file work_23.csv (CSV, C-alpha atoms)
chain,number,residue,atom,x,y,z
A,1,ILE,CA,-18.0,-79.1,20.6
A,2,PHE,CA,-19.4,-81.8,18.2
A,3,HIS,CA,-17.9,-83.0,15.0
A,4,SER,CA,-19.6,-82.6,11.6
A,5,PRO,CA,-17.3,-82.3,8.6
A,6,ASP,CA,-18.6,-80.5,5.6
A,7,LYS,CA,-20.8,-82.6,3.3
A,8,ASP,CA,-19.0,-81.6,0.2
A,9,GLY,CA,-15.6,-82.8,1.5
A,10,ASP,CA,-13.9,-85.7,-0.1
A,11,LYS,CA,-15.3,-88.9,1.5
A,12,LYS,CA,-12.2,-91.0,0.8
A,13,ALA,CA,-10.1,-88.3,2.4
A,14,LEU,CA,-12.4,-88.2,5.4
A,15,LYS,CA,-12.2,-91.9,5.8
A,16,ASP,CA,-8.4,-91.8,5.7
A,17,TYR,CA,-8.3,-89.0,8.2
A,18,ALA,CA,-10.7,-90.8,10.6
A,19,GLN,CA,-8.6,-94.0,10.4
A,20,ALA,CA,-5.5,-92.0,11.2
A,21,MET,CA,-7.1,-90.5,14.2
A,22,PHE,CA,-8.7,-93.7,15.5
A,23,SER,CA,-5.8,-96.1,15.0
A,24,GLY,CA,-3.0,-95.0,12.7
A,25,GLU,CA,-2.6,-98.0,10.4
A,26,ASN,CA,-2.4,-95.7,7.5
A,27,ILE,CA,0.2,-93.3,8.9
A,28,PRO,CA,3.5,-94.3,7.2
A,29,TRP,CA,5.8,-93.4,10.1
A,30,LYS,CA,3.7,-95.3,12.7
A,31,GLU,CA,5.1,-98.6,13.6
A,32,GLU,CA,1.9,-100.2,15.0
A,33,GLY,CA,-1.8,-99.6,14.5
A,34,GLU,CA,-4.2,-99.6,17.4
A,35,ILE,CA,-7.2,-101.6,16.2
A,36,PRO,CA,-6.3,-103.2,12.8
A,37,GLU,CA,-9.3,-105.7,13.1
A,38,TYR,CA,-11.9,-103.1,12.5
A,39,SER,CA,-10.4,-99.6,12.1
A,40,GLU,CA,-11.2,-99.4,8.4
A,41,LYS,CA,-14.8,-100.3,8.8
A,42,LEU,CA,-15.1,-97.9,11.8
A,43,ALA,CA,-13.5,-95.1,9.7
A,44,GLN,CA,-15.9,-95.8,6.8
A,45,ILE,CA,-19.0,-95.5,9.1
A,46,TRP,CA,-17.6,-92.2,10.5
A,47,ALA,CA,-17.1,-90.8,7.0
A,48,ASP,CA,-20.6,-91.8,5.9
A,49,LEU,CA,-22.5,-90.5,8.9
A,50,CYS,CA,-20.4,-87.8,10.7
A,51,PRO,CA,-21.2,-85.1,8.1
A,52,THR,CA,-24.9,-85.5,9.0
A,53,ASN,CA,-24.4,-84.7,12.7
A,54,LEU,CA,-25.4,-81.0,12.4
A,55,ASP,CA,-28.5,-81.8,10.4
A,56,PHE,CA,-29.4,-84.5,13.0
A,57,MET,CA,-29.1,-82.1,15.9
A,58,LYS,CA,-31.3,-79.5,14.1
A,59,SER,CA,-33.9,-82.1,13.4
A,60,LEU,CA,-34.3,-82.7,17.1
A,61,ASP,CA,-34.9,-79.0,17.8
A,62,ASP,CA,-35.1,-76.3,15.1
A,63,GLN,CA,-34.0,-73.6,17.6
A,64,PHE,CA,-30.6,-75.3,18.0
A,65,ILE,CA,-27.6,-73.6,16.5
A,66,GLY,CA,-24.3,-75.1,15.4
A,67,GLY,CA,-21.9,-72.3,15.9
A,68,SER,CA,-18.8,-72.2,13.7
A,69,GLN,CA,-15.7,-71.0,15.5
A,70,PRO,CA,-12.2,-70.2,14.3
A,71,GLY,CA,-9.8,-73.1,15.0
A,72,PHE,CA,-12.5,-75.8,15.0
A,73,ASN,CA,-13.2,-75.5,11.2
A,74,LYS,CA,-10.2,-77.5,10.1
A,75,ALA,CA,-8.4,-80.8,10.7
A,76,SER,CA,-6.5,-80.6,13.9
A,77,PHE,CA,-3.7,-82.9,12.6
A,78,GLY,CA,-2.7,-81.4,9.3
A,79,ASN,CA,0.0,-84.0,8.4
A,80,PHE,CA,-2.5,-86.9,8.7
A,81,PRO,CA,-3.7,-88.6,5.5
A,82,GLY,CA,-6.8,-86.9,4.1
A,83,ALA,CA,-6.4,-83.8,6.3
A,84,LYS,CA,-6.2,-81.3,3.4
A,85,ASP,CA,-9.2,-82.6,1.4
A,86,CYS,CA,-11.7,-83.9,4.0
A,87,LYS,CA,-13.1,-80.4,4.9
A,88,TYR,CA,-13.1,-81.3,8.5
A,89,ASN,CA,-15.4,-79.1,10.7
A,90,ALA,CA,-16.6,-79.1,14.3
A,91,TYR,CA,-19.3,-76.9,15.8
A,92,ARG,CA,-20.1,-75.4,19.2
A,93,ALA,CA,-23.5,-76.2,20.4
A,94,SER,CA,-25.6,-73.2,21.2
A,95,TYR,CA,-29.1,-71.8,21.5
A,96,SER,CA,-27.9,-68.3,21.8
A,97,LYS,CA,-27.0,-66.4,18.6
A,98,ARG,CA,-24.3,-64.6,20.7
A,99,MET,CA,-22.5,-67.6,22.2
A,100,LYS,CA,-21.1,-67.3,25.7
A,101,ASN,CA,-17.3,-67.6,26.1
A,102,PHE,CA,-16.0,-70.8,27.4
A,103,ASN,CA,-15.7,-69.5,31.0
A,104,GLN,CA,-19.4,-68.4,31.2
A,105,VAL,CA,-21.7,-70.9,32.9
A,106,SER,CA,-24.8,-72.1,31.1
A,107,TYR,CA,-26.0,-74.5,33.7
A,108,LYS,CA,-29.6,-73.8,34.8
A,109,ALA,CA,-29.8,-70.8,32.4
A,110,PRO,CA,-32.9,-70.4,30.2
A,111,LYS,CA,-32.5,-72.6,27.2
A,112,LEU,CA,-32.1,-69.8,24.7
A,113,GLU,CA,-29.2,-68.4,26.7
A,114,THR,CA,-27.2,-71.7,26.8
A,115,SER,CA,-24.0,-72.7,24.9
A,116,SER,CA,-21.6,-75.6,24.8
A,117,GLY,CA,-22.4,-78.8,26.7
A,118,GLU,CA,-25.6,-77.6,28.3
A,119,ALA,CA,-27.0,-76.6,24.9
A,120,PHE,CA,-26.0,-80.0,23.4
A,121,TRP,CA,-27.6,-81.8,26.3
A,122,LEU,CA,-30.8,-79.8,26.0
A,123,CYS,CA,-31.1,-80.5,22.3
A,124,LEU,CA,-30.7,-84.3,22.8
A,125,ALA,CA,-33.2,-84.1,25.7
A,126,GLU,CA,-35.7,-82.4,23.4
A,127,GLY,CA,-35.3,-85.2,20.9
A,128,VAL,CA,-36.1,-87.8,23.6
A,129,LYS,CA,-39.1,-85.8,24.7
A,130,LYS,CA,-40.5,-85.7,21.2
A,131,GLN,CA,-40.5,-89.5,21.2
A,132,GLY,CA,-43.1,-89.5,23.9
A,133,GLU,CA,-43.8,-92.9,25.5
A,134,LYS,CA,-41.5,-94.6,23.0
A,135,ILE,CA,-38.5,-93.8,25.3
A,136,GLN,CA,-38.9,-94.1,29.0
A,137,VAL,CA,-36.3,-92.2,31.0
A,138,VAL,CA,-35.4,-93.3,34.6
A,139,TRP,CA,-33.3,-90.8,36.4
A,140,GLU,CA,-30.7,-91.6,39.1
A,141,THR,CA,-30.9,-95.3,38.6
A,142,PRO,CA,-27.5,-96.5,37.3
A,143,ALA,CA,-27.1,-100.1,36.2
A,144,PHE,CA,-24.7,-102.3,38.1
A,145,LYS,CA,-25.1,-105.8,36.6
A,146,LEU,CA,-25.8,-107.4,33.3
A,147,TYR,CA,-28.0,-110.5,33.0
A,148,LYS,CA,-27.1,-113.3,30.6
A,149,GLY,CA,-29.6,-115.5,28.9
A,150,SER,CA,-29.3,-119.3,28.4
A,151,THR,CA,-27.4,-118.8,25.1
A,152,GLY,CA,-25.0,-116.2,26.5
A,153,ASP,CA,-26.8,-113.2,25.1
A,154,ILE,CA,-27.3,-110.2,27.4
A,155,VAL,CA,-31.0,-110.0,28.1
A,156,GLY,CA,-31.3,-107.2,30.7
A,157,VAL,CA,-29.8,-105.2,33.5
A,158,ALA,CA,-30.1,-104.7,37.2
A,159,ALA,CA,-30.1,-101.1,38.4
A,160,LYS,CA,-30.3,-99.4,41.7
A,161,THR,CA,-32.3,-96.3,42.6
A,162,LYS,CA,-31.1,-93.4,44.8
A,163,GLY,CA,-33.1,-95.0,47.6
A,164,GLY,CA,-31.4,-98.3,47.2
A,165,LYS,CA,-34.3,-100.2,45.5
A,166,ILE,CA,-33.2,-102.8,42.9
A,167,VAL,CA,-34.9,-102.4,39.4
A,168,ASN,CA,-34.6,-105.2,36.9
A,169,VAL,CA,-35.0,-104.2,33.2
A,170,ARG,CA,-35.5,-106.8,30.4
A,171,ALA,CA,-34.0,-105.8,27.0
A,172,LYS,CA,-36.2,-105.9,23.9
A,173,LYS,CA,-33.4,-105.8,21.4
A,174,ALA,CA,-30.1,-104.9,23.1
A,175,VAL,CA,-28.3,-103.4,26.0
A,176,VAL,CA,-25.9,-100.5,25.3
A,177,LEU,CA,-23.2,-99.6,27.9
A,178,CYS,CA,-22.5,-95.9,28.0
A,179,THR,CA,-20.5,-96.0,31.2
A,180,GLY,CA,-17.0,-96.8,29.9
A,181,GLY,CA,-15.0,-93.9,31.3
A,182,TYR,CA,-12.5,-95.0,33.9
A,183,GLU,CA,-10.4,-91.8,34.6
A,184,TYR,CA,-11.5,-91.7,38.2
A,185,ASN,CA,-10.9,-95.4,39.0
A,186,LYS,CA,-7.3,-95.3,40.2
A,187,ALA,CA,-6.8,-99.1,39.9
A,188,MET,CA,-7.9,-99.1,36.3
A,189,ARG,CA,-5.8,-96.1,35.5
A,190,GLU,CA,-2.7,-97.7,36.8
A,191,ALA,CA,-3.5,-101.0,35.0
A,192,PHE,CA,-4.3,-99.4,31.6
A,193,LEU,CA,-1.6,-96.7,31.7
A,194,GLU,CA,0.9,-99.4,32.7
A,195,GLY,CA,2.8,-97.7,35.4
A,196,PRO,CA,3.1,-94.9,38.0
A,197,GLY,CA,2.5,-91.3,37.4
A,198,VAL,CA,-1.2,-91.6,36.9
A,199,ASP,CA,-1.8,-88.9,39.5
A,200,GLY,CA,-0.3,-86.4,37.2
A,201,TRP,CA,-3.3,-86.4,34.9
A,202,ALA,CA,-6.3,-84.1,34.8
A,203,PHE,CA,-9.5,-85.0,33.0
A,204,TYR,CA,-12.4,-83.2,31.3
A,205,GLY,CA,-14.8,-86.0,32.2
A,206,THR,CA,-17.1,-86.3,35.1
A,207,THR,CA,-15.8,-87.7,38.4
A,208,SER,CA,-18.5,-90.4,38.0
A,209,ASN,CA,-16.3,-92.0,35.4
A,210,THR,CA,-15.3,-94.9,37.6
A,211,GLY,CA,-15.2,-97.7,35.1
A,212,ASP,CA,-18.7,-99.2,35.9
A,213,GLY,CA,-19.3,-100.3,32.3
A,214,ILE,CA,-16.0,-102.0,32.0
A,215,ILE,CA,-16.5,-103.9,35.3
A,216,MET,CA,-20.0,-105.0,34.2
A,217,GLY,CA,-18.7,-106.2,30.9
A,218,THR,CA,-15.8,-108.2,32.3
A,219,GLU,CA,-18.1,-109.8,34.9
A,220,VAL,CA,-20.1,-111.5,32.1
A,221,GLY,CA,-17.0,-112.6,30.2
A,222,ALA,CA,-16.2,-109.7,27.9
A,223,GLY,CA,-12.5,-109.3,27.2
A,224,LEU,CA,-10.6,-106.0,27.2
A,225,GLN,CA,-8.6,-106.2,24.0
A,226,LYS,CA,-6.6,-103.0,24.5
A,227,ALA,CA,-7.1,-99.6,26.0
A,228,GLY,CA,-6.5,-97.9,22.7
A,229,LYS,CA,-4.8,-94.5,22.3
A,230,ALA,CA,-6.2,-91.8,20.1
A,231,ALA,CA,-5.0,-88.6,18.4
A,232,ALA,CA,-5.9,-86.2,21.1
A,233,ARG,CA,-4.6,-83.2,22.9
A,234,ILE,CA,-2.6,-83.4,26.2
A,235,ILE,CA,-4.5,-82.0,29.2
A,236,VAL,CA,-2.2,-80.2,31.6
A,237,PRO,CA,-3.3,-79.9,35.3
A,238,THR,CA,-2.3,-76.5,36.6

call {"tool": "encode", "arguments": {"input": "work_23.csv", "output": "structure tokens"}}
result
Amino acid sequence: IFHSPDKDGDKKALKDYAQAMFSGENIPWKEEGEIPEYSEKLAQIWADLCPTNLDFMKSLDDQFIGGSQPGFNKASFGNFPGAKDCKYNAYRASYSKRMKNFNQVSYKAPKLETSSGEAFWLCLAEGVKKQGEKIQVVWETPAFKLYKGSTGDIVGVAAKTKGGKIVNVRAKKAVVLCTGGYEYNKAMREAFLEGPGVDGWAFYGTTSNTGDGIIMGTEVGAGLQKAGKAAARIIVPT
């Protein structure tokens, strides 16, 4: 599922709804906001760009389908500011006009028979492929260390191949960490959730979410301001 509110929705309402989801400063009954330093700017960027997500995905691959489904075509939190007028919408990624149900596997299926996460991934991969040599993809080579320059800027990374070879990559413009999940790092879970009971959680995420990006960031001096909460559904392990 990916978010893409309708373009003709009220932009101010969408910004208000996003800020309520991200942090909650604008929810009257909430005693404390989560990220007051930048939640409004973050919500504004979301309101400006999120309605273009469906068009962006289709621009990567014209065979891609954003499937609308009952339950996803409205704001999940109806009592939040902006919920009624923002025309919130989320779509299910698909290449098949007849989408599979959520229990049917798409992994390794022909592209035009995929739905959900597999279809979403294949569309992004198609976009990368169209860039040709502009984007070099190195598989199974996770970064483990950030390099600092003389002025403190991050100038590159060290990564390790599956065979154990160290690969050093110099950054041309920036390094983006996309490894922030920590659900399967027990020490982090206990620290961030502030107490026992962490084994009672189940997670949608990959078991590779072991906090690598957080560790790399703190090793070069980054501070963890707060493990922020968000408006989200509770996941029950059964």

call {"tool": "residues_near_point", "arguments": {"input": "work_23.csv", "point": "(-14.8, -97.8, 3.8)", "cutoff": "10 Å", "atoms": "only C-alpha atoms", "output": "number ranges by chain"}}
result
A: 11-12, 15-16, 19, 39-48

call {"tool": "closest_residue", "arguments": {"input": "work_23.csv", "among": "A:Ala159, A:Val220, A:Val138, A:Ile1", "to": "Phe102 (chain A)", "atoms": "only C-alpha atoms"}}
result
A:Ile1

call {"tool": "residues_around", "arguments": {"input": "work_23.csv", "residues": "Val105 (chain A)", "least_positions_apart": "3", "cutoff": "12 Å", "atoms": "all atoms listed in the file", "output": "PyMOL selection string"}}
result
chain A and resi 99-102+108-110+113-119

call {"tool": "residues_around", "arguments": {"input": "work_23.csv", "residues": "region 82-86 of chain A", "least_positions_apart": "3", "cutoff": "6 Å", "atoms": "all atoms listed in the file", "output": "VMD selection string"}}
result
chain A and resid 9 to 10 13 to 14 16 to 17 75 78

call {"tool": "atom_distance", "arguments": {"input": "work_23.csv", "atom1": "CA of Ala174 (chain A)", "atom2": "CA of Asp153 (chain A)"}}
result
9.2 Å

call {"tool": "atom_distance", "arguments": {"input": "work_23.csv", "atom1": "CA of Tyr38 (chain A)", "atom2": "CA of Glu25 (chain A)"}}
result
10.8 Å

call {"tool": "atom_distance", "arguments": {"input": "work_23.csv", "atom1": "CA of Ser68 (chain A)", "atom2": "CA of Val128 (chain A)"}}
result
25.3 Å

call {"tool": "residues_around", "arguments": {"input": "work_23.csv", "residues": "Leu146 (chain A)", "least_positions_apart": "2", "cutoff": "9 Å", "atoms": "all atoms listed in the file", "output": "list in words"}}
result
Ala143, Phe144, Lys148, Ile154, Val155, Gly156, Val157, Ala158, Val175, Met216, Gly217, Glu219 and Val220 of chain A

call {"tool": "residues_around", "arguments": {"input": "work_23.csv", "residues": "Tyr184 (chain A)", "least_positions_apart": "2", "cutoff": "8 Å", "atoms": "all atoms listed in the file", "output": "list in words"}}
result
Tyr182, Lys186, Arg189, Thr207, Ser208, Asn209, Thr210 and Gly211 of chain A

call {"tool": "residues_around", "arguments": {"input": "work_23.csv", "residues": "Lys111 (chain A)", "least_positions_apart": "6", "cutoff": "12 Å", "atoms": "all atoms listed in the file", "output": "count of residues only"}}
result
18

call {"tool": "closest_residue", "arguments": {"input": "work_23.csv", "among": "A:Val169, A:Lys145, A:Ala18, A:Pro28", "to": "Thr218 (chain A)", "atoms": "all atoms listed in the file"}}
result
A:Lys145

call {"tool": "closest_residue", "arguments": {"input": "work_23.csv", "among": "A:Pro81, A:Ser59, A:Leu112, A:Gly163", "to": "Lys130 (chain A)", "atoms": "only C-alpha atoms"}}
result
A:Ser59

call {"tool": "closest_residue", "arguments": {"input": "work_23.csv", "among": "A:Ala90, A:Leu177, A:Ala171, A:Val137", "to": "Ser4 (chain A)", "atoms": "all atoms listed in the file"}}
result
A:Ala90

call {"tool": "closest_residue", "arguments": {"input": "work_23.csv", "among": "A:Val176, A:Pro5, A:Asp212, A:Asp62", "to": "Lys87 (chain A)", "atoms": "all atoms listed in the file"}}
result
A:Pro5

call {"tool": "closest_residue", "arguments": {"input": "work_23.csv", "among": "A:Gly221, A:Asn26, A:Asp6, A:Lys58", "to": "Gly152 (chain A)", "atoms": "all atoms listed in the file"}}
result
A:Gly221
